[in-house]
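Below: the structure, in structure tokens.
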Amino acid sequence: MKRTLEEVTFLLSQSLALFCFLNLRLVIGQQQTFRVRPNDTEVLKGQTAILHCQIDNKQGQLQWVKNGFGLGFDRAIKGESRYTVIGNEALGENNLRVINTQLDDDAEFQCQVSPAIGDPHSALQAAAYLSILVPPQSPRIEFRGSSNTSLVEVAVSQSEINVTCIIPHGKPAAHIKWLRGGQQLTEESIQNFVDKTSDKLETARSILTIRPRKEFNQKIYTCQGTHSAIDSPITTSMKLSVKYAPETPDISGYKSGKAIKTGERLTLTCRSKGGNPTAYVEWFKNGDRVDSSHTRRETETVNVYSFRVDSSDNNAIYRCDAWNDVSEKRLTAAIKLTVHFGPMSVQILGPSHAKAGETIVLHCRTSNSNPRATISWTKDGKPLTDVIASPTYEADTRLGGWITLSNITVRLVGNDSETTYECKGENGKQRPTASKTLSVLYAPEKPVITGYATGTQIHTNTILTMRCTAHGGNPLAEVTWWKGSRQLTERDGIKCQTNTQIAKKYSQCQLERITKQGDNAVDFVCKANNTATPVPLQTVVTLSIQFPPKNVQIKSSPVVGKAGQKMTLTCTSASSNPAAEITWTRDDKPLTGRETRTVIGENSGLKTVSILDIYPSAADDKATYYCTAKNTAMNQAETIGHVISVKYKPVFVKVDSRKSVLEGDSVVINMTGQGNPKVSKYEWFRNGAKLVLGGPKRNKVVYFTAVGGVLNVTNVTRNDRGIYTVQAKNAEGASNTTFVIDVQYAATITHISPNQLVNPGGRAIFECRTDANPMVNNVIQWSTSIVGFNMNNAKKVKITNNNQGTSTLTVYIANRSTDMGYFTCKTQNKIGGPSTKRTALLVKFKPEADKNQLTKAASAERVTAKLSCLATGAPKVQFTWLKGKTAVNVTLSKYTTEVKELDLAKYESILHIHNVSKSDYDTYTCKMSNSEGQMPSVIDFDGQSKPDSPSNVKLVNFTHNAVTLSWQKGFDGGLPVTYNVRYTVVGDNSYTIVGSIKKSVFTFTGLSPGVNYELTVMAKNKQGESGYNSKPVFVTTKDGPPPFVDEVKGGDEAPLIIILSVCIVGLILLACNALLIVFFVRRRRRKLEKGDGSETLSRTNTLEMYPSSDRPLYPGGHKDTESCSTYDKSMDDYTDSYRSFDDEEDVKRIFLPPLQTDPYQPTANTDPYASRGPIYGTPATVDAQRSFPVQSYYDSSGYKANSLPRSRFEGDASNPDDNYADQLRKNTLQKKSDRPQ
């Protein structure tokens, strides 16, 4: 491999170094020494540090020591993944490398070499300190407990303040210095501290003492930190705000003593300089604040107040105040204004009216002015001088300036009715005037009312307009309307006007109002007066108002009546004009009062009083009597209804005398009585006895509860039926009513006769009783499960019903083979489902061993073995066990026995042999006995062995690709048994085997259509195998799958039109099939009627046309982890009835078409009946496969109707087609049974 020039150079340098090192060792000798000693080292936290240690002629062992703790002699230091000894060990390089340094690495490290062998003084040791540098965090300034302070405020009056700068968590601590305005501080007091923490970090703290001065205001103070781990300083700053008071304010804009005029605009400026913060500046006028707005600048505050001068500013003091937060008091400056102004107005005081010859004084008064104003008078425009008094002056202390006053005296004469006097005030350009007109007074004429005349009748709520006019008078009269003693106003509809024309002077007031009931017989007064009338002049009208009664009242005496006793109702109408007429009604029927009268009512109307006497009954309680009061003149009426209260003892209304309820339901019966007063107590009785409420519980619920007159019966039972009485009481008495609770319940059997044991040929009588409500006809029916037993055979059976719930069944000439079995009594009455109980007829016969009885038993030693003995017999079979010829002593702990009744007349006795030993292996005899005789059964008990072969292997069903087999378990050898099944095509010696089957039924799937197969079964246990059964089962699968087996793909995704189409086509095909069946059946009937004995229809086809309804729904193959799956979706469309096999709870149910049988076994090539597949067995063997005796199903003709397949739908016996089909099947079976065997 080629090497680069750099690689060659590197190798040469390494070789040269090694050569020099070896020669150096030879020169120095064998003494180990330091070539490079470790030095103190600083490194930033997280970086890599290397402590150098190089040894010449190292003979001892080298290790690094940290703070006196050895790190070990391994160059890869254990327990410290960050520590490694690096370098060329052959060159004596033993440098300690520490990566990702941490604070706990800050320590003293020693490079130590142990002494050489034989030289204890040759040990080496050198120390160095590894310092871990940690940059500090950002600095912060604290002042009076506040951290990260950026602004410090202090008053100039304070002597000094302390400001602290903190730079935390550095290693080593940072160095701090202070700057002001960028210049380092030296004259201030600075104290520096270092605070250490437990994690080796240090915090630098520096305290700066400042003595506040004005020139320090707004200065920037900077804390600056430096550290060996950082390149540039870290800083933080604060601003110092020194607070001090402002200077005294200065006012500009007005010169003291200068006169200004009202209306001029004056601008005053107040300026306050200095201060931190700058000052607040406000203006005051005569001590009242007038302006607080001001403008703050960096070094001063200015408040400019501009206003328009008025008279109130004369001699006014304007003051400017300035202050800030540190001022001890406000600083002020003030000016006083001088203002000239004339009077704004004059006023004449004195009367405006007087009678002729009277003397009056008029007073003229000016408003304030500066300087004083002068006053002059005129009369109708002419100056007056002789009647003027000397003016006087008053100082206006509130508004400033002077007020001038002047008076004149005037005497009125007849021709002075309208004289005008004028007063003028003058000051410079201001000349305000005022005038007053004097009049001579005289009275008006008497007022006149128009619009209504006393005595006129008008209706209430009518608009009435009246006018009152007063002519003449000086001044014009004041006209007023009065209702009685109350003066009317505009709110009452008053509108007034005057006419001042000389020829038609008058005053007029109009009264417009809607008449009210209260206006009737009331005086309305019109009054006219002026200052010349000592007493008002007046005119009066009296109104006549027609009004209906506002309301009607009815009072009853007594307030609460009693049934049958007199009550008096008094109806009183409210006041009416004219008097109202009263009528009485109840239920729109008029009633006649006993007495009617009138009395004086309100508003001068009349009240009408009518009295009605009644004698109420219970039905009148809460009845309403109406009283109507009508004003016939106005055709208006008022009606009121009065509900009377009548006391009476309780009554019951709308009572349901019969209440039907289903048993188990709950019923609420409302028998609430009515009474006045209300019913206070209810008592309930059943069949004359008092009913206990809230007492016994039924299903944890109190089933009789009552609230008032409502009875609640929960979970009703038949015991609750009966006649119930409810009694209601109140203060007036008590009343009763009765009702019936009819509890309806489903029929239940209360008694059935026990099993009847009779002698052969004897008679058995059974009785069945039922309890039902209602009790319908034929409430009891008898049936039996005995095959072939005809319940309608009058010679054999008699059934008697008494229609009272009792039925008797009598069976004559009892026979074991035809009559022994169960009889069922069923009762039903259309409520709920039927109730059934069964009893049995037993015909005496001596014990017989069951055909399934095993003659062998096996068990291992030291376990408990079980020997089973099966027997039938009547009466009950008794069992005795023998070992050899000696009776088994069941009282010993060695043995225990138990007897079970498995079915009617079928029993099992089990002998348990505990802790089996070899001596227990023997021949055991089970002795079965009853009163009719006895019979032994022998069982050979031995050790465990291989099992016997399965027996009775038979074909259950088959399709085009599946075959189902079943078999009977044989002796298991005392061990758990599994089965192997195999099949092969006939003529082929290769088998397909399925093993580890635990059940006695299996379905082979995946077979080929139309192929003849051979099938066999074998049992095995731990001791060995039984071998396959000697008689194989042969079957030929069908040629193809049945129709309509295609699955509908897509599920719910199939369109609706496809589903509908399939349904319609299916219905059409079904109808065609039905027509074809009817056609062929009727054609066959015609041929039979003609005596045609030819057999053109095979039994195979007959069975296809009439599939058995009692044939079992054969289960499919066993589903097990060790066996093959026997489920095939192509079988899903085959359905049949169901039959259970051994261990049926674990059998998977596969639906297959019915098996077809024939009385002999032909080949597919010779038998004309084999076109649809092979058919095996005789009628006897076929029925034997169904597990019932042949004699129970075949009579002498070889036929019993119940043993043959029936129509899938049970037919009517009266239907000729059904009868014909049954006869056809019977004939077919008879002919085939006659064939040679």
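Lettering and numbering for the structure tokens are positional, with chains as A, B, ... in the shown order, residues counted from 1 in each chain, and ligands counted from 1 in the shown order.
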Within 8 Å of stretch 902-908 of chain A, counting only C-alpha atoms, which residues show up once you throw out same-chain ones fewer than 6 positions away? Write them as a short mmCIF file (atom, residue, chain, number, x, y, z; two decimals) with N, CA, C and O atoms, in the first residue's frame, please.
data_model
loop_
_atom_site.label_atom_id
_atom_site.label_comp_id
_atom_site.auth_asym_id
_atom_site.auth_seq_id
_atom_site.Cartn_x
_atom_site.Cartn_y
_atom_site.Cartn_z
N GLY A 821 -93.63 -42.00 29.45
CA GLY A 821 -92.95 -40.75 29.09
C GLY A 821 -93.58 -39.57 29.81
O GLY A 821 -94.35 -39.72 30.78
N ALA A 840 -95.02 -37.48 34.67
CA ALA A 840 -94.60 -38.64 33.87
C ALA A 840 -95.45 -39.86 34.21
O ALA A 840 -95.92 -40.03 35.33
N LEU A 842 -95.03 -43.81 34.37
CA LEU A 842 -94.05 -44.88 34.45
C LEU A 842 -94.80 -46.22 34.52
O LEU A 842 -95.70 -46.40 35.34
N SER A 868 -68.75 -46.89 36.33
CA SER A 868 -70.11 -46.41 36.09
C SER A 868 -70.99 -47.55 35.66
O SER A 868 -70.60 -48.38 34.83
N CYS A 869 -72.22 -47.56 36.23
CA CYS A 869 -73.20 -48.59 35.90
C CYS A 869 -74.49 -47.87 35.51
O CYS A 869 -75.07 -47.15 36.31
N LEU A 870 -74.96 -48.06 34.25
CA LEU A 870 -76.16 -47.41 33.74
C LEU A 870 -77.29 -48.43 33.66
O LEU A 870 -77.09 -49.55 33.16
N ALA A 871 -78.51 -48.03 34.11
CA ALA A 871 -79.63 -48.96 34.11
C ALA A 871 -80.92 -48.20 33.91
O ALA A 871 -81.04 -47.02 34.26
N THR A 872 -81.93 -48.87 33.33
CA THR A 872 -83.29 -48.35 33.25
C THR A 872 -84.20 -49.31 33.98
O THR A 872 -83.95 -50.53 34.00
N GLY A 873 -85.30 -48.76 34.55
CA GLY A 873 -86.23 -49.61 35.27
C GLY A 873 -87.24 -48.79 36.03
O GLY A 873 -87.03 -47.60 36.33
N ALA A 874 -88.36 -49.38 36.34
CA ALA A 874 -89.40 -48.73 37.12
C ALA A 874 -90.07 -49.80 37.98
O ALA A 874 -90.44 -50.87 37.45
N PRO A 875 -90.22 -49.60 39.29
CA PRO A 875 -89.84 -48.38 39.99
C PRO A 875 -88.33 -48.20 40.07
O PRO A 875 -87.58 -48.89 39.39
N LYS A 876 -87.90 -47.25 40.94
CA LYS A 876 -86.51 -46.84 41.00
C LYS A 876 -85.61 -48.05 41.20
O LYS A 876 -85.88 -48.95 41.99
N VAL A 877 -84.47 -47.98 40.46
CA VAL A 877 -83.51 -49.08 40.49
C VAL A 877 -82.57 -48.91 41.68
O VAL A 877 -82.08 -47.81 41.95
#
Problem set entry | Near-stretch 1026-1032 of chain A list (7 Å; only C-alpha atoms; drop same-chain fewer than 2 positions) as a ChimeraX atom specification | /A:946-950,1014-1020,1024,1034
For this session: Pick out the closest residue to A:Pro1041 from this set: A:Asn427, A:Thr959, A:Gln727, A:Thr460. Count only C-alpha atoms.
Result: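 Closest to A:Pro1041 of all the choices is A:Thr959.
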For this session: Grab the atom CA of A:Ile752 to atom CA of A:Met820 distance for me, in Å with one decimal place.
Result: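 One can read the atom CA of A:Ile752 to atom CA of A:Met820 distance as 17.3 Å.
For A:Gly664, the non-local neighbours within 7 Å, defined as residues at least 4 positions apart in the same chain or in other chains and counting only C-alpha atoms, are Asn715, Val716 and Thr717 of chain A.
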Problem set entry | Filtered DSSP result for stretch 720-967 of chain A, state helix (DSSP H, G or I), as a list in words | Asp720, Arg816, Ser817, Thr818, Asp819, Lys918, Ser919 and Asp920 of chain A
Just N, CA, C and O atoms for this one: save the residues we selected as an mmCIF file, in the first residue's frame.
data_model
loop_
_atom_site.group_PDB
_atom_site.id
_atom_site.type_symbol
_atom_site.label_atom_id
_atom_site.label_comp_id
_atom_site.auth_asym_id
_atom_site.auth_seq_id
_atom_site.Cartn_x
_atom_site.Cartn_y
_atom_site.Cartn_z
ATOM 1 N N ASP A 720 -104.417 -8.692 46.023
ATOM 2 C CA ASP A 720 -104.914 -7.335 46.237
ATOM 3 C C ASP A 720 -106.316 -7.121 45.671
ATOM 4 O O ASP A 720 -106.897 -6.059 45.853
ATOM 5 N N ARG A 816 -95.577 -49.888 28.319
ATOM 6 C CA ARG A 816 -94.247 -49.281 28.476
ATOM 7 C C ARG A 816 -93.717 -48.732 27.165
ATOM 8 O O ARG A 816 -93.182 -47.629 27.101
ATOM 9 N N SER A 817 -93.857 -49.494 26.076
ATOM 10 C CA SER A 817 -93.229 -49.100 24.815
ATOM 11 C C SER A 817 -93.933 -47.927 24.157
ATOM 12 O O SER A 817 -93.311 -47.168 23.415
ATOM 13 N N THR A 818 -95.221 -47.733 24.405
ATOM 14 C CA THR A 818 -95.957 -46.672 23.687
ATOM 15 C C THR A 818 -96.433 -45.555 24.593
ATOM 16 O O THR A 818 -96.727 -44.459 24.106
ATOM 17 N N ASP A 819 -96.519 -45.786 25.900
ATOM 18 C CA ASP A 819 -97.174 -44.803 26.764
ATOM 19 C C ASP A 819 -96.254 -44.215 27.825
ATOM 20 O O ASP A 819 -96.616 -43.235 28.485
ATOM 21 N N LYS A 918 -52.812 -52.529 42.946
ATOM 22 C CA LYS A 918 -52.968 -53.698 42.060
ATOM 23 C C LYS A 918 -54.023 -54.654 42.555
ATOM 24 O O LYS A 918 -54.696 -55.329 41.770
ATOM 25 N N SER A 919 -54.206 -54.683 43.893
ATOM 26 C CA SER A 919 -55.203 -55.623 44.441
ATOM 27 C C SER A 919 -56.616 -55.218 44.094
ATOM 28 O O SER A 919 -57.546 -56.004 44.229
ATOM 29 N N ASP A 920 -56.777 -53.946 43.658
ATOM 30 C CA ASP A 920 -58.126 -53.480 43.317
ATOM 31 C C ASP A 920 -58.519 -53.887 41.906
ATOM 32 O O ASP A 920 -59.695 -53.785 41.527
#
For this session: Mind the document's chain letters and residue numbers, and return as a PyMOL selection string the residues of stretch 24-271 of chain A that DSSP labels strand (DSSP E).
Result: chain A and resi 33-36+41-44+49-51+54-56+62-66+69-70+83-86+95-98+107-113+124-133+140-142+151-155+161-170+175-180+183-184+189-196+202-210+219-226+234-243+250-252+259-261+265-271
For this session: For A:Leu268, work out the shell of residues within 7 Å, counting only C-alpha atoms and skipping chain neighbours fewer than 2 positions away, then give it as a list in words.
Result: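 Once the nearby chain positions are removed, what remains is Ile251, Ser252, Gly253, Tyr254, Leu266, Cys270, Val304, Tyr305 and Ser306 of chain A.
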Go ahead and dump the residues you just picked, all heavy atoms, as a CSV table (one decimal), in the first residue's frame.
chain,number,residue,atom,x,y,z
A,251,ILE,N,-43.7,87.9,37.5
A,251,ILE,CA,-44.9,88.2,36.8
A,251,ILE,C,-44.6,89.3,35.8
A,251,ILE,O,-44.0,90.3,36.1
A,251,ILE,CB,-46.0,88.7,37.7
A,251,ILE,CG1,-46.4,87.6,38.7
A,251,ILE,CG2,-47.2,89.2,36.9
A,251,ILE,CD1,-47.4,88.0,39.7
A,252,SER,N,-45.1,89.1,34.6
A,252,SER,CA,-44.9,90.1,33.5
A,252,SER,C,-46.3,90.2,32.8
A,252,SER,O,-47.1,89.3,32.9
A,252,SER,CB,-43.8,89.7,32.5
A,252,SER,OG,-44.2,88.4,31.9
A,253,GLY,N,-46.5,91.4,32.0
A,253,GLY,CA,-47.7,91.6,31.3
A,253,GLY,C,-48.6,92.8,31.8
A,253,GLY,O,-49.5,93.2,31.2
A,254,TYR,N,-48.3,93.4,33.0
A,254,TYR,CA,-49.0,94.5,33.6
A,254,TYR,C,-48.1,95.3,34.5
A,254,TYR,O,-47.4,94.8,35.2
A,254,TYR,CB,-50.2,94.0,34.4
A,254,TYR,CG,-51.0,95.1,35.0
A,254,TYR,CD1,-51.9,95.9,34.2
A,254,TYR,CD2,-50.9,95.4,36.4
A,254,TYR,CE1,-52.6,96.9,34.8
A,254,TYR,CE2,-51.6,96.4,36.9
A,254,TYR,CZ,-52.5,97.2,36.2
A,254,TYR,OH,-53.2,98.2,36.7
A,266,LEU,N,-56.3,91.1,28.8
A,266,LEU,CA,-55.1,91.2,29.5
A,266,LEU,C,-54.4,89.8,29.6
A,266,LEU,O,-55.1,88.8,30.0
A,266,LEU,CB,-55.4,91.8,30.9
A,266,LEU,CG,-54.1,92.0,31.8
A,266,LEU,CD1,-53.2,93.0,31.2
A,266,LEU,CD2,-54.6,92.4,33.2
A,270,CYS,N,-46.5,84.2,34.4
A,270,CYS,CA,-45.8,83.9,35.6
A,270,CYS,C,-44.8,82.9,35.2
A,270,CYS,O,-45.1,81.8,34.7
A,270,CYS,CB,-46.8,83.4,36.7
A,270,CYS,SG,-45.9,83.0,38.2
A,304,VAL,N,-49.3,81.1,31.6
A,304,VAL,CA,-49.8,82.3,30.9
A,304,VAL,C,-51.3,82.3,31.1
A,304,VAL,O,-52.0,81.4,30.6
A,304,VAL,CB,-49.4,82.3,29.4
A,304,VAL,CG1,-50.0,83.5,28.7
A,304,VAL,CG2,-47.9,82.2,29.2
A,305,TYR,N,-51.8,83.4,31.7
A,305,TYR,CA,-53.2,83.5,32.0
A,305,TYR,C,-53.7,84.7,31.2
A,305,TYR,O,-53.3,85.9,31.5
A,305,TYR,CB,-53.4,83.7,33.5
A,305,TYR,CG,-54.9,83.9,33.9
A,305,TYR,CD1,-55.9,83.0,33.4
A,305,TYR,CD2,-55.3,84.9,34.7
A,305,TYR,CE1,-57.2,83.2,33.7
A,305,TYR,CE2,-56.7,85.1,35.0
A,305,TYR,CZ,-57.6,84.2,34.6
A,305,TYR,OH,-58.9,84.3,34.9
A,306,SER,N,-54.6,84.5,30.3
A,306,SER,CA,-55.2,85.6,29.5
A,306,SER,C,-56.7,85.6,29.7
A,306,SER,O,-57.4,84.6,29.7
A,306,SER,CB,-54.9,85.3,28.0
A,306,SER,OG,-55.4,86.3,27.2
Problem set entry | Interatomic distance (Å, one decimal) between atom CA of A:Thr585 and atom CA of A:Tyr648 |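 These atoms are spaced 23.4 Å apart.
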Problem set entry | Which of A:His353, A:Asn815, A:Thr592, A:Thr409 sits closest to A:Thr531 [using only C-alpha atoms] | A:His353
Exercise. In Å to one decimal, how far is atom CA of A:Pro136 from atom CA of A:Ile230?
Worked result: 8.7 Å
Exercise. Which one of A:Pro233, A:Val152, A:Ala49, A:Thr222 sits closest to A:Ala174 if you count only C-alpha atoms?
Worked result: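 Closest to A:Ala174 of all the choices is A:Pro233.
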For this session: Determine, counting only C-alpha atoms, which protein, DNA and RNA residues have an atom within 7 Å of an atom of A:Pro38; residues of the same chain fewer than 4 positions away are not included. Present the result as a PyMOL selection string.
Result: chain A and resi 51-53+126-128
Exercise. Contacts of A:Met634 at 9 Å or less, counting only C-alpha atoms, minus same-chain residues fewer than 2 places along, as a PyMOL selection string?
Worked result: chain A and resi 459+546-548+578+630-632+636-637
For this session: For A:Asn793, work out the shell of residues within 12 Å, counting only C-alpha atoms and skipping chain neighbours fewer than 4 positions away, then give it as a count of residues only.
Result: 8
